[in-house]
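Trainee: File name run_33.csv; file contents CSV, all heavy atoms; full text below.
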```
chain,number,residue,atom,x,y,z
A,1,MET,N,14.3,7.1,-6.9
A,1,MET,CA,13.6,6.5,-8.0
A,1,MET,C,12.6,5.5,-7.4
A,1,MET,O,12.8,4.8,-6.4
A,1,MET,CB,14.6,5.7,-8.9
A,1,MET,CG,13.9,5.0,-10.0
A,1,MET,SD,14.9,3.9,-10.9
A,1,MET,CE,15.6,5.0,-12.1
A,2,VAL,N,11.4,5.4,-8.1
A,2,VAL,CA,10.3,4.6,-7.7
A,2,VAL,C,10.1,3.5,-8.8
A,2,VAL,O,10.2,3.8,-9.9
A,2,VAL,CB,9.0,5.4,-7.5
A,2,VAL,CG1,7.9,4.5,-7.2
A,2,VAL,CG2,9.2,6.4,-6.4
A,3,ARG,N,9.9,2.3,-8.3
A,3,ARG,CA,9.6,1.2,-9.3
A,3,ARG,C,8.2,0.7,-9.1
A,3,ARG,O,7.8,0.4,-8.0
A,3,ARG,CB,10.6,0.1,-9.1
A,3,ARG,CG,10.5,-1.0,-10.2
A,3,ARG,CD,11.6,-1.9,-10.1
A,3,ARG,NE,12.8,-1.2,-10.4
A,3,ARG,CZ,14.0,-1.7,-10.3
A,3,ARG,NH1,14.2,-2.9,-10.0
A,3,ARG,NH2,15.1,-0.9,-10.6
A,4,LEU,N,7.4,0.7,-10.2
A,4,LEU,CA,6.0,0.2,-10.1
A,4,LEU,C,6.0,-1.3,-10.0
A,4,LEU,O,6.5,-2.0,-10.8
A,4,LEU,CB,5.3,0.7,-11.4
A,4,LEU,CG,3.8,0.2,-11.5
A,4,LEU,CD1,3.0,0.8,-10.4
A,4,LEU,CD2,3.3,0.6,-12.8
A,5,SER,N,5.3,-1.8,-9.0
A,5,SER,CA,5.1,-3.2,-8.8
A,5,SER,C,3.9,-3.6,-9.6
A,5,SER,O,2.9,-3.0,-9.6
A,5,SER,CB,4.9,-3.5,-7.3
A,5,SER,OG,4.5,-4.9,-7.2
A,6,LYS,N,4.1,-4.7,-10.4
A,6,LYS,CA,2.9,-5.3,-11.1
A,6,LYS,C,2.4,-6.6,-10.5
A,6,LYS,O,1.5,-7.2,-11.0
A,6,LYS,CB,3.4,-5.6,-12.6
A,6,LYS,CG,3.7,-4.3,-13.3
A,6,LYS,CD,4.1,-4.5,-14.7
A,6,LYS,CE,4.4,-3.2,-15.4
A,6,LYS,NZ,4.7,-3.4,-16.8
A,7,GLU,N,2.9,-6.9,-9.3
A,7,GLU,CA,2.5,-8.1,-8.6
A,7,GLU,C,1.1,-7.8,-8.0
A,7,GLU,O,1.0,-6.7,-7.3
A,7,GLU,CB,3.5,-8.5,-7.5
A,7,GLU,CG,3.1,-9.8,-6.8
A,7,GLU,CD,4.2,-10.1,-5.8
A,7,GLU,OE1,5.3,-9.7,-5.9
A,7,GLU,OE2,3.9,-10.9,-4.9
A,8,ARG,N,0.1,-8.6,-8.2
A,8,ARG,CA,-1.2,-8.4,-7.7
A,8,ARG,C,-1.6,-9.4,-6.6
A,8,ARG,O,-1.1,-10.5,-6.7
A,8,ARG,CB,-2.3,-8.3,-8.8
A,8,ARG,CG,-1.9,-7.5,-9.9
A,8,ARG,CD,-2.5,-6.1,-10.0
A,8,ARG,NE,-4.0,-6.1,-9.7
A,8,ARG,CZ,-4.5,-5.0,-9.2
A,8,ARG,NH1,-3.8,-3.9,-9.0
A,8,ARG,NH2,-5.8,-5.0,-9.0
A,9,SER,N,-2.5,-9.1,-5.7
A,9,SER,CA,-3.1,-10.0,-4.8
A,9,SER,C,-4.6,-9.9,-4.7
A,9,SER,O,-5.1,-8.8,-4.6
A,9,SER,CB,-2.5,-9.7,-3.4
A,9,SER,OG,-3.2,-10.4,-2.4
A,10,LYS,N,-5.3,-11.0,-5.0
A,10,LYS,CA,-6.7,-11.0,-4.9
A,10,LYS,C,-7.2,-11.1,-3.5
A,10,LYS,O,-8.4,-10.8,-3.2
A,10,LYS,CB,-7.3,-12.0,-5.9
A,10,LYS,CG,-7.1,-11.7,-7.3
A,10,LYS,CD,-7.8,-12.7,-8.2
A,10,LYS,CE,-7.5,-12.4,-9.6
A,10,LYS,NZ,-8.3,-13.2,-10.6
A,11,ASP,N,-6.4,-11.7,-2.7
A,11,ASP,CA,-6.8,-11.9,-1.3
A,11,ASP,C,-5.6,-11.5,-0.4
A,11,ASP,O,-4.8,-12.3,0.1
A,11,ASP,CB,-7.1,-13.4,-1.0
A,11,ASP,CG,-7.8,-13.6,0.4
A,11,ASP,OD1,-7.8,-12.7,1.2
A,11,ASP,OD2,-8.2,-14.7,0.6
A,12,PRO,N,-5.5,-10.1,-0.2
A,12,PRO,CA,-4.3,-9.6,0.5
A,12,PRO,C,-4.1,-10.2,1.9
A,12,PRO,O,-3.0,-10.5,2.3
A,12,PRO,CB,-4.6,-8.1,0.6
A,12,PRO,CG,-5.7,-7.8,-0.3
A,12,PRO,CD,-6.4,-9.1,-0.6
A,13,GLU,N,-5.2,-10.4,2.7
A,13,GLU,CA,-5.1,-10.9,4.0
A,13,GLU,C,-4.5,-12.3,4.0
A,13,GLU,O,-3.6,-12.6,4.8
A,13,GLU,CB,-6.4,-10.9,4.7
A,13,GLU,CG,-6.4,-10.7,6.2
A,13,GLU,CD,-7.7,-10.3,6.8
A,13,GLU,OE1,-8.7,-10.3,6.2
A,13,GLU,OE2,-7.6,-9.9,8.0
A,14,ALA,N,-5.0,-13.2,3.1
A,14,ALA,CA,-4.5,-14.5,3.0
A,14,ALA,C,-3.0,-14.6,2.6
A,14,ALA,O,-2.2,-15.5,2.9
A,14,ALA,CB,-5.3,-15.4,2.1
A,15,ASP,N,-2.6,-13.5,1.8
A,15,ASP,CA,-1.2,-13.4,1.3
A,15,ASP,C,-0.3,-12.8,2.3
A,15,ASP,O,0.9,-12.5,2.0
A,15,ASP,CB,-1.2,-12.7,0.0
A,15,ASP,CG,-1.8,-13.5,-1.1
A,15,ASP,OD1,-1.9,-14.7,-1.0
A,15,ASP,OD2,-2.2,-12.8,-2.1
A,16,GLY,N,-0.8,-12.4,3.5
A,16,GLY,CA,0.0,-11.9,4.6
A,16,GLY,C,0.2,-10.4,4.5
A,16,GLY,O,1.1,-9.8,5.1
A,17,ILE,N,-0.6,-9.7,3.6
A,17,ILE,CA,-0.5,-8.2,3.5
A,17,ILE,C,-1.4,-7.6,4.5
A,17,ILE,O,-2.6,-8.0,4.6
A,17,ILE,CB,-0.9,-7.8,2.1
A,17,ILE,CG1,0.1,-8.4,1.1
A,17,ILE,CG2,-0.9,-6.3,2.0
A,17,ILE,CD1,-0.3,-8.3,-0.4
A,18,ASP,N,-0.9,-6.7,5.4
A,18,ASP,CA,-1.8,-6.2,6.4
A,18,ASP,C,-2.0,-4.7,6.3
A,18,ASP,O,-2.9,-4.1,6.9
A,18,ASP,CB,-1.2,-6.5,7.8
A,18,ASP,CG,0.2,-5.9,8.0
A,18,ASP,OD1,0.8,-5.4,7.1
A,18,ASP,OD2,0.6,-5.9,9.2
A,19,ARG,N,-1.3,-4.0,5.3
A,19,ARG,CA,-1.5,-2.6,5.1
A,19,ARG,C,-1.6,-2.3,3.6
A,19,ARG,O,-1.1,-3.0,2.8
A,19,ARG,CB,-0.3,-1.8,5.7
A,19,ARG,CG,-0.1,-2.0,7.1
A,19,ARG,CD,1.2,-1.2,7.5
A,19,ARG,NE,1.6,-1.6,8.9
A,19,ARG,CZ,2.7,-1.2,9.4
A,19,ARG,NH1,3.5,-0.5,8.8
A,19,ARG,NH2,2.9,-1.6,10.7
A,20,TYR,N,-2.3,-1.2,3.3
A,20,TYR,CA,-2.3,-0.7,1.9
A,20,TYR,C,-2.2,0.8,1.9
A,20,TYR,O,-2.4,1.5,2.9
A,20,TYR,CB,-3.6,-1.1,1.3
A,20,TYR,CG,-4.9,-0.5,1.8
A,20,TYR,CD1,-5.3,0.7,1.3
A,20,TYR,CD2,-5.6,-1.0,2.9
A,20,TYR,CE1,-6.5,1.4,1.9
A,20,TYR,CE2,-6.7,-0.5,3.4
A,20,TYR,CZ,-7.1,0.7,2.9
A,20,TYR,OH,-8.2,1.3,3.4
A,21,ILE,N,-1.8,1.3,0.7
A,21,ILE,CA,-1.6,2.8,0.6
A,21,ILE,C,-2.4,3.2,-0.6
A,21,ILE,O,-2.3,2.6,-1.7
A,21,ILE,CB,-0.1,3.1,0.4
A,21,ILE,CG1,0.7,2.6,1.6
A,21,ILE,CG2,0.1,4.6,0.1
A,21,ILE,CD1,2.2,2.7,1.3
A,22,ARG,N,-3.2,4.3,-0.5
A,22,ARG,CA,-3.9,4.9,-1.6
A,22,ARG,C,-3.4,6.3,-1.7
A,22,ARG,O,-2.7,6.8,-0.8
A,22,ARG,CB,-5.4,4.9,-1.3
A,22,ARG,CG,-6.0,3.5,-1.3
A,22,ARG,CD,-7.5,3.6,-1.2
A,22,ARG,NE,-8.1,2.3,-1.3
A,22,ARG,CZ,-9.3,2.0,-0.9
A,22,ARG,NH1,-10.1,2.9,-0.4
A,22,ARG,NH2,-9.8,0.8,-1.1
A,23,LEU,N,-3.8,7.0,-2.7
A,23,LEU,CA,-3.4,8.4,-2.9
A,23,LEU,C,-3.7,9.3,-1.7
A,23,LEU,O,-2.9,10.2,-1.4
A,23,LEU,CB,-4.0,9.0,-4.2
A,23,LEU,CG,-3.4,8.5,-5.5
A,23,LEU,CD1,-4.2,9.1,-6.6
A,23,LEU,CD2,-2.0,8.8,-5.6
A,24,GLU,N,-4.8,9.1,-1.0
A,24,GLU,CA,-5.2,9.9,0.1
A,24,GLU,C,-4.2,9.7,1.3
A,24,GLU,O,-4.2,10.5,2.2
A,24,GLU,CB,-6.6,9.7,0.6
A,24,GLU,CG,-6.9,8.3,1.2
A,24,GLU,CD,-7.6,7.4,0.2
A,24,GLU,OE1,-7.5,7.6,-1.0
A,24,GLU,OE2,-8.2,6.4,0.6
A,25,HIS,N,-3.4,8.7,1.3
A,25,HIS,CA,-2.4,8.5,2.3
A,25,HIS,C,-1.1,9.2,2.1
A,25,HIS,O,-0.2,9.2,2.9
A,25,HIS,CB,-2.2,7.0,2.5
A,25,HIS,CG,-3.4,6.2,2.9
A,25,HIS,ND1,-3.9,5.2,2.2
A,25,HIS,CD2,-4.2,6.3,4.0
A,25,HIS,CE1,-5.0,4.7,2.8
A,25,HIS,NE2,-5.2,5.4,3.9
A,26,ILE,N,-0.9,9.7,0.9
A,26,ILE,CA,0.3,10.4,0.5
A,26,ILE,C,0.1,11.9,0.6
A,26,ILE,O,-0.8,12.5,0.0
A,26,ILE,CB,0.7,10.0,-0.9
A,26,ILE,CG1,0.9,8.5,-1.0
A,26,ILE,CG2,2.0,10.7,-1.4
A,26,ILE,CD1,1.1,8.0,-2.4
A,27,ASP,N,1.0,12.5,1.4
A,27,ASP,CA,0.9,14.0,1.7
A,27,ASP,C,1.7,14.7,0.6
A,27,ASP,O,2.8,14.3,0.3
A,27,ASP,CB,1.4,14.3,3.1
A,27,ASP,CG,0.5,13.7,4.1
A,27,ASP,OD1,-0.7,13.7,4.0
A,27,ASP,OD2,1.1,13.1,5.1
A,28,PRO,N,1.2,15.8,0.1
A,28,PRO,CA,1.9,16.6,-0.9
A,28,PRO,C,3.2,17.1,-0.2
A,28,PRO,O,3.3,17.4,1.0
A,28,PRO,CB,1.0,17.8,-1.1
A,28,PRO,CG,-0.3,17.5,-0.6
A,28,PRO,CD,-0.1,16.4,0.4
A,29,ASP,N,4.3,17.2,-1.0
A,29,ASP,CA,5.6,17.7,-0.6
A,29,ASP,C,6.2,16.8,0.5
A,29,ASP,O,7.1,17.3,1.2
A,29,ASP,CB,5.5,19.1,-0.1
A,29,ASP,CG,5.0,20.1,-1.2
A,29,ASP,OD1,5.3,19.9,-2.3
A,29,ASP,OD2,4.2,21.0,-0.8
A,30,ASP,N,5.8,15.6,0.6
A,30,ASP,CA,6.4,14.7,1.6
A,30,ASP,C,6.6,13.3,1.0
A,30,ASP,O,5.6,12.6,0.7
A,30,ASP,CB,5.6,14.6,2.9
A,30,ASP,CG,6.3,13.9,4.0
A,30,ASP,OD1,7.4,13.4,3.8
A,30,ASP,OD2,5.7,13.8,5.1
A,31,LEU,N,7.8,12.9,0.7
A,31,LEU,CA,8.0,11.6,0.0
A,31,LEU,C,7.9,10.4,0.9
A,31,LEU,O,7.9,9.3,0.5
A,31,LEU,CB,9.4,11.6,-0.7
A,31,LEU,CG,9.5,12.7,-1.8
A,31,LEU,CD1,10.9,12.6,-2.4
A,31,LEU,CD2,8.5,12.4,-2.9
A,32,LYS,N,7.9,10.6,2.2
A,32,LYS,CA,7.9,9.5,3.2
A,32,LYS,C,6.4,9.1,3.5
A,32,LYS,O,5.6,10.0,3.7
A,32,LYS,CB,8.6,9.9,4.5
A,32,LYS,CG,8.7,8.8,5.4
A,32,LYS,CD,9.7,9.1,6.5
A,32,LYS,CE,10.0,7.8,7.3
A,32,LYS,NZ,11.2,7.9,8.0
A,33,ILE,N,6.1,7.8,3.4
A,33,ILE,CA,4.8,7.3,3.7
A,33,ILE,C,4.6,7.3,5.2
A,33,ILE,O,5.3,6.6,5.9
A,33,ILE,CB,4.6,5.9,3.1
A,33,ILE,CG1,4.8,5.9,1.6
A,33,ILE,CG2,3.2,5.4,3.4
A,33,ILE,CD1,3.9,6.8,0.8
A,34,ARG,N,3.7,8.1,5.7
A,34,ARG,CA,3.5,8.2,7.2
A,34,ARG,C,2.1,7.7,7.6
A,34,ARG,O,1.9,7.5,8.8
A,34,ARG,CB,3.7,9.6,7.6
A,34,ARG,CG,5.0,10.2,7.3
A,34,ARG,CD,5.2,11.6,7.7
A,34,ARG,NE,6.4,12.2,7.2
A,34,ARG,CZ,7.6,12.1,7.7
A,34,ARG,NH1,7.8,11.4,8.8
A,34,ARG,NH2,8.6,12.7,7.2
A,35,ARG,N,1.2,7.4,6.6
A,35,ARG,CA,-0.1,7.0,6.9
A,35,ARG,C,-0.4,5.8,5.9
A,35,ARG,O,0.1,5.8,4.8
A,35,ARG,CB,-1.1,8.1,6.7
A,35,ARG,CG,-0.9,9.2,7.6
A,35,ARG,CD,-1.9,10.4,7.5
A,35,ARG,NE,-1.8,11.0,6.2
A,35,ARG,CZ,-2.8,11.1,5.3
A,35,ARG,NH1,-4.0,10.7,5.6
A,35,ARG,NH2,-2.6,11.7,4.1
A,36,TRP,N,-1.3,4.9,6.3
A,36,TRP,CA,-1.8,3.8,5.5
A,36,TRP,C,-3.1,3.3,6.0
A,36,TRP,O,-3.6,3.7,7.1
A,36,TRP,CB,-0.7,2.7,5.5
A,36,TRP,CG,-0.3,2.3,6.8
A,36,TRP,CD1,-0.9,1.5,7.7
A,36,TRP,CD2,0.9,2.7,7.5
A,36,TRP,NE1,-0.2,1.4,8.9
A,36,TRP,CE2,0.9,2.2,8.8
A,36,TRP,CE3,1.9,3.6,7.2
A,36,TRP,CZ2,1.9,2.4,9.7
A,36,TRP,CZ3,2.9,3.8,8.1
A,36,TRP,CH2,2.9,3.2,9.3
A,37,GLY,N,-3.7,2.4,5.3
A,37,GLY,CA,-5.0,1.8,5.7
A,37,GLY,C,-4.7,0.3,6.1
A,37,GLY,O,-3.6,-0.2,5.7
A,38,LEU,N,-5.6,-0.2,6.8
A,38,LEU,CA,-5.4,-1.6,7.3
A,38,LEU,C,-6.3,-2.5,6.4
A,38,LEU,O,-7.5,-2.2,6.2
A,38,LEU,CB,-5.7,-1.8,8.7
A,38,LEU,CG,-4.9,-1.0,9.7
A,38,LEU,CD1,-5.4,-1.1,11.1
A,38,LEU,CD2,-3.4,-1.4,9.6
A,39,VAL,N,-5.7,-3.6,5.9
A,39,VAL,CA,-6.5,-4.6,5.1
A,39,VAL,C,-7.7,-5.1,5.8
A,39,VAL,O,-8.8,-5.2,5.2
A,39,VAL,CB,-5.6,-5.7,4.6
A,39,VAL,CG1,-6.3,-6.8,3.9
A,39,VAL,CG2,-4.5,-5.2,3.7
A,40,CYS,N,-7.6,-5.3,7.1
A,40,CYS,CA,-8.7,-5.9,7.9
A,40,CYS,C,-9.9,-4.9,7.9
A,40,CYS,O,-11.0,-5.4,8.2
A,40,CYS,CB,-8.3,-6.3,9.3
A,40,CYS,SG,-7.8,-4.9,10.3
A,41,GLU,N,-9.7,-3.7,7.6
A,41,GLU,CA,-10.8,-2.7,7.6
A,41,GLU,C,-11.6,-2.8,6.2
A,41,GLU,O,-12.6,-2.1,6.1
A,41,GLU,CB,-10.3,-1.3,7.8
A,41,GLU,CG,-9.8,-1.1,9.2
A,41,GLU,CD,-9.1,0.2,9.4
A,41,GLU,OE1,-8.9,1.0,8.4
A,41,GLU,OE2,-8.8,0.6,10.5
A,42,GLY,N,-11.1,-3.5,5.3
A,42,GLY,CA,-11.8,-3.7,4.0
A,42,GLY,C,-11.1,-3.2,2.8
A,42,GLY,O,-10.9,-2.0,2.6
A,43,ILE,N,-10.6,-4.1,2.0
A,43,ILE,CA,-10.0,-3.8,0.7
A,43,ILE,C,-10.2,-5.1,-0.1
A,43,ILE,O,-10.0,-6.2,0.4
A,43,ILE,CB,-8.6,-3.3,0.7
A,43,ILE,CG1,-8.1,-2.9,-0.6
A,43,ILE,CG2,-7.7,-4.4,1.3
A,43,ILE,CD1,-6.8,-2.2,-0.6
A,44,THR,N,-10.5,-5.0,-1.4
A,44,THR,CA,-10.7,-6.3,-2.2
A,44,THR,C,-9.5,-6.8,-3.0
A,44,THR,O,-9.4,-8.0,-3.1
A,44,THR,CB,-11.9,-6.0,-3.2
A,44,THR,OG1,-11.6,-4.9,-4.0
A,44,THR,CG2,-13.2,-5.8,-2.4
A,45,CYS,N,-8.7,-5.9,-3.5
A,45,CYS,CA,-7.5,-6.4,-4.2
A,45,CYS,C,-6.5,-5.3,-4.1
A,45,CYS,O,-6.8,-4.1,-3.8
A,45,CYS,CB,-7.8,-6.7,-5.6
A,45,CYS,SG,-8.2,-5.3,-6.7
A,46,CYS,N,-5.2,-5.6,-4.4
A,46,CYS,CA,-4.2,-4.6,-4.3
A,46,CYS,C,-3.0,-5.0,-5.1
A,46,CYS,O,-2.8,-6.2,-5.5
A,46,CYS,CB,-3.8,-4.4,-2.8
A,46,CYS,SG,-3.0,-5.8,-2.1
A,47,THR,N,-2.2,-4.0,-5.4
A,47,THR,CA,-0.9,-4.3,-6.0
A,47,THR,C,0.1,-4.5,-4.9
A,47,THR,O,0.2,-3.7,-3.9
A,47,THR,CB,-0.4,-3.1,-6.9
A,47,THR,OG1,-1.4,-2.9,-7.9
A,47,THR,CG2,0.9,-3.4,-7.5
A,48,ALA,N,0.8,-5.6,-4.9
A,48,ALA,CA,1.7,-6.0,-3.7
A,48,ALA,C,3.1,-5.4,-4.0
A,48,ALA,O,3.6,-5.4,-5.1
A,48,ALA,CB,1.8,-7.5,-3.6
A,49,SER,N,3.6,-4.8,-2.9
A,49,SER,CA,5.0,-4.3,-2.9
A,49,SER,C,5.7,-4.7,-1.6
A,49,SER,O,5.2,-4.5,-0.6
A,49,SER,CB,4.9,-2.8,-3.1
A,49,SER,OG,6.3,-2.3,-3.1
A,50,PRO,N,6.8,-5.3,-1.7
A,50,PRO,CA,7.5,-5.8,-0.5
A,50,PRO,C,8.0,-4.5,0.3
A,50,PRO,O,8.3,-3.5,-0.3
A,50,PRO,CB,8.7,-6.6,-1.0
A,50,PRO,CG,8.9,-6.1,-2.4
A,50,PRO,CD,7.6,-5.7,-2.9
A,51,PRO,N,8.0,-4.6,1.6
A,51,PRO,CA,8.4,-3.5,2.4
A,51,PRO,C,9.9,-3.2,2.2
A,51,PRO,O,10.7,-4.1,1.9
A,51,PRO,CB,8.2,-3.9,3.9
A,51,PRO,CG,7.9,-5.4,3.8
A,51,PRO,CD,7.6,-5.7,2.4
A,52,ARG,N,10.3,-2.0,2.3
A,52,ARG,CA,11.7,-1.6,2.1
A,52,ARG,C,12.2,-0.9,3.3
A,52,ARG,O,11.6,-0.3,4.1
A,52,ARG,CB,11.8,-0.6,0.9
A,52,ARG,CG,11.3,-1.3,-0.3
A,52,ARG,CD,12.0,-0.6,-1.5
A,52,ARG,NE,11.4,-1.3,-2.7
A,52,ARG,CZ,12.1,-2.0,-3.5
A,52,ARG,NH1,13.4,-2.2,-3.3
A,52,ARG,NH2,11.6,-2.6,-4.6
```
Please lay out the structure from this file as structure tokens.

Mentor:
Amino acid sequence: MVRLSKERSKDPEADGIDRYIRLEHIDPDDLKIRRWGLVCEGITCCTASPPR
């Protein structure tokens, strides 16, 4: 089961978030996240989700 996080961050780097996931990082037929982007490469806002 997946739970949608509604917590948002306007400044992910300042909030200690160093990675982000977009749809292009999710591979079809594979539920495990194996790729992500780095916040330092440029992203303006994100939905925050604690690591599991």

Trainee: For region 31-45 of chain A, find every residue with an atom within 4 Å (counting all atoms listed in the file), except residues of its own chain fewer than 5 positions away, and show them as a VMD selection string.

Mentor: chain A and resid 8 to 10 12 to 13 17 to 21 24 to 26

Trainee: Store the residues picked out above in a file with all heavy atoms, as a CSV table (one decimal), in the coordinates of the input.

Mentor:
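Result went into selection05.csv, see below:
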```csv
chain,number,residue,atom,x,y,z
A,8,ARG,N,0.1,-8.6,-8.2
A,8,ARG,CA,-1.2,-8.4,-7.7
A,8,ARG,C,-1.6,-9.4,-6.6
A,8,ARG,O,-1.1,-10.5,-6.7
A,8,ARG,CB,-2.3,-8.3,-8.8
A,8,ARG,CG,-1.9,-7.5,-9.9
A,8,ARG,CD,-2.5,-6.1,-10.0
A,8,ARG,NE,-4.0,-6.1,-9.7
A,8,ARG,CZ,-4.5,-5.0,-9.2
A,8,ARG,NH1,-3.8,-3.9,-9.0
A,8,ARG,NH2,-5.8,-5.0,-9.0
A,9,SER,N,-2.5,-9.1,-5.7
A,9,SER,CA,-3.1,-10.0,-4.8
A,9,SER,C,-4.6,-9.9,-4.7
A,9,SER,O,-5.1,-8.8,-4.6
A,9,SER,CB,-2.5,-9.7,-3.4
A,9,SER,OG,-3.2,-10.4,-2.4
A,10,LYS,N,-5.3,-11.0,-5.0
A,10,LYS,CA,-6.7,-11.0,-4.9
A,10,LYS,C,-7.2,-11.1,-3.5
A,10,LYS,O,-8.4,-10.8,-3.2
A,10,LYS,CB,-7.3,-12.0,-5.9
A,10,LYS,CG,-7.1,-11.7,-7.3
A,10,LYS,CD,-7.8,-12.7,-8.2
A,10,LYS,CE,-7.5,-12.4,-9.6
A,10,LYS,NZ,-8.3,-13.2,-10.6
A,12,PRO,N,-5.5,-10.1,-0.2
A,12,PRO,CA,-4.3,-9.6,0.5
A,12,PRO,C,-4.1,-10.2,1.9
A,12,PRO,O,-3.0,-10.5,2.3
A,12,PRO,CB,-4.6,-8.1,0.6
A,12,PRO,CG,-5.7,-7.8,-0.3
A,12,PRO,CD,-6.4,-9.1,-0.6
A,13,GLU,N,-5.2,-10.4,2.7
A,13,GLU,CA,-5.1,-10.9,4.0
A,13,GLU,C,-4.5,-12.3,4.0
A,13,GLU,O,-3.6,-12.6,4.8
A,13,GLU,CB,-6.4,-10.9,4.7
A,13,GLU,CG,-6.4,-10.7,6.2
A,13,GLU,CD,-7.7,-10.3,6.8
A,13,GLU,OE1,-8.7,-10.3,6.2
A,13,GLU,OE2,-7.6,-9.9,8.0
A,17,ILE,N,-0.6,-9.7,3.6
A,17,ILE,CA,-0.5,-8.2,3.5
A,17,ILE,C,-1.4,-7.6,4.5
A,17,ILE,O,-2.6,-8.0,4.6
A,17,ILE,CB,-0.9,-7.8,2.1
A,17,ILE,CG1,0.1,-8.4,1.1
A,17,ILE,CG2,-0.9,-6.3,2.0
A,17,ILE,CD1,-0.3,-8.3,-0.4
A,18,ASP,N,-0.9,-6.7,5.4
A,18,ASP,CA,-1.8,-6.2,6.4
A,18,ASP,C,-2.0,-4.7,6.3
A,18,ASP,O,-2.9,-4.1,6.9
A,18,ASP,CB,-1.2,-6.5,7.8
A,18,ASP,CG,0.2,-5.9,8.0
A,18,ASP,OD1,0.8,-5.4,7.1
A,18,ASP,OD2,0.6,-5.9,9.2
A,19,ARG,N,-1.3,-4.0,5.3
A,19,ARG,CA,-1.5,-2.6,5.1
A,19,ARG,C,-1.6,-2.3,3.6
A,19,ARG,O,-1.1,-3.0,2.8
A,19,ARG,CB,-0.3,-1.8,5.7
A,19,ARG,CG,-0.1,-2.0,7.1
A,19,ARG,CD,1.2,-1.2,7.5
A,19,ARG,NE,1.6,-1.6,8.9
A,19,ARG,CZ,2.7,-1.2,9.4
A,19,ARG,NH1,3.5,-0.5,8.8
A,19,ARG,NH2,2.9,-1.6,10.7
A,20,TYR,N,-2.3,-1.2,3.3
A,20,TYR,CA,-2.3,-0.7,1.9
A,20,TYR,C,-2.2,0.8,1.9
A,20,TYR,O,-2.4,1.5,2.9
A,20,TYR,CB,-3.6,-1.1,1.3
A,20,TYR,CG,-4.9,-0.5,1.8
A,20,TYR,CD1,-5.3,0.7,1.3
A,20,TYR,CD2,-5.6,-1.0,2.9
A,20,TYR,CE1,-6.5,1.4,1.9
A,20,TYR,CE2,-6.7,-0.5,3.4
A,20,TYR,CZ,-7.1,0.7,2.9
A,20,TYR,OH,-8.2,1.3,3.4
A,21,ILE,N,-1.8,1.3,0.7
A,21,ILE,CA,-1.6,2.8,0.6
A,21,ILE,C,-2.4,3.2,-0.6
A,21,ILE,O,-2.3,2.6,-1.7
A,21,ILE,CB,-0.1,3.1,0.4
A,21,ILE,CG1,0.7,2.6,1.6
A,21,ILE,CG2,0.1,4.6,0.1
A,21,ILE,CD1,2.2,2.7,1.3
A,24,GLU,N,-4.8,9.1,-1.0
A,24,GLU,CA,-5.2,9.9,0.1
A,24,GLU,C,-4.2,9.7,1.3
A,24,GLU,O,-4.2,10.5,2.2
A,24,GLU,CB,-6.6,9.7,0.6
A,24,GLU,CG,-6.9,8.3,1.2
A,24,GLU,CD,-7.6,7.4,0.2
A,24,GLU,OE1,-7.5,7.6,-1.0
A,24,GLU,OE2,-8.2,6.4,0.6
A,25,HIS,N,-3.4,8.7,1.3
A,25,HIS,CA,-2.4,8.5,2.3
A,25,HIS,C,-1.1,9.2,2.1
A,25,HIS,O,-0.2,9.2,2.9
A,25,HIS,CB,-2.2,7.0,2.5
A,25,HIS,CG,-3.4,6.2,2.9
A,25,HIS,ND1,-3.9,5.2,2.2
A,25,HIS,CD2,-4.2,6.3,4.0
A,25,HIS,CE1,-5.0,4.7,2.8
A,25,HIS,NE2,-5.2,5.4,3.9
A,26,ILE,N,-0.9,9.7,0.9
A,26,ILE,CA,0.3,10.4,0.5
A,26,ILE,C,0.1,11.9,0.6
A,26,ILE,O,-0.8,12.5,0.0
A,26,ILE,CB,0.7,10.0,-0.9
A,26,ILE,CG1,0.9,8.5,-1.0
A,26,ILE,CG2,2.0,10.7,-1.4
A,26,ILE,CD1,1.1,8.0,-2.4
```

Trainee: What's the separation between atom N of Gly16 (chain A) and CA of Thr47 (chain A), in Å to one decimal place?

Mentor: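 It comes out at 12.5 Å.
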
Trainee: What does the distance from CB of Asp30 (chain A) to atom C of Asp11 (chain A) come to in Å, to one decimal?

Mentor: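 Between these atoms lies a distance of 28.6 Å.
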
Trainee: I need the residues in chain A that are strand (DSSP E or B) according to DSSP; give them as a list in words.

Mentor: Arg8, Ser9, Arg19, Tyr20, Gly37, Leu38, Cys46 and Thr47 of chain A
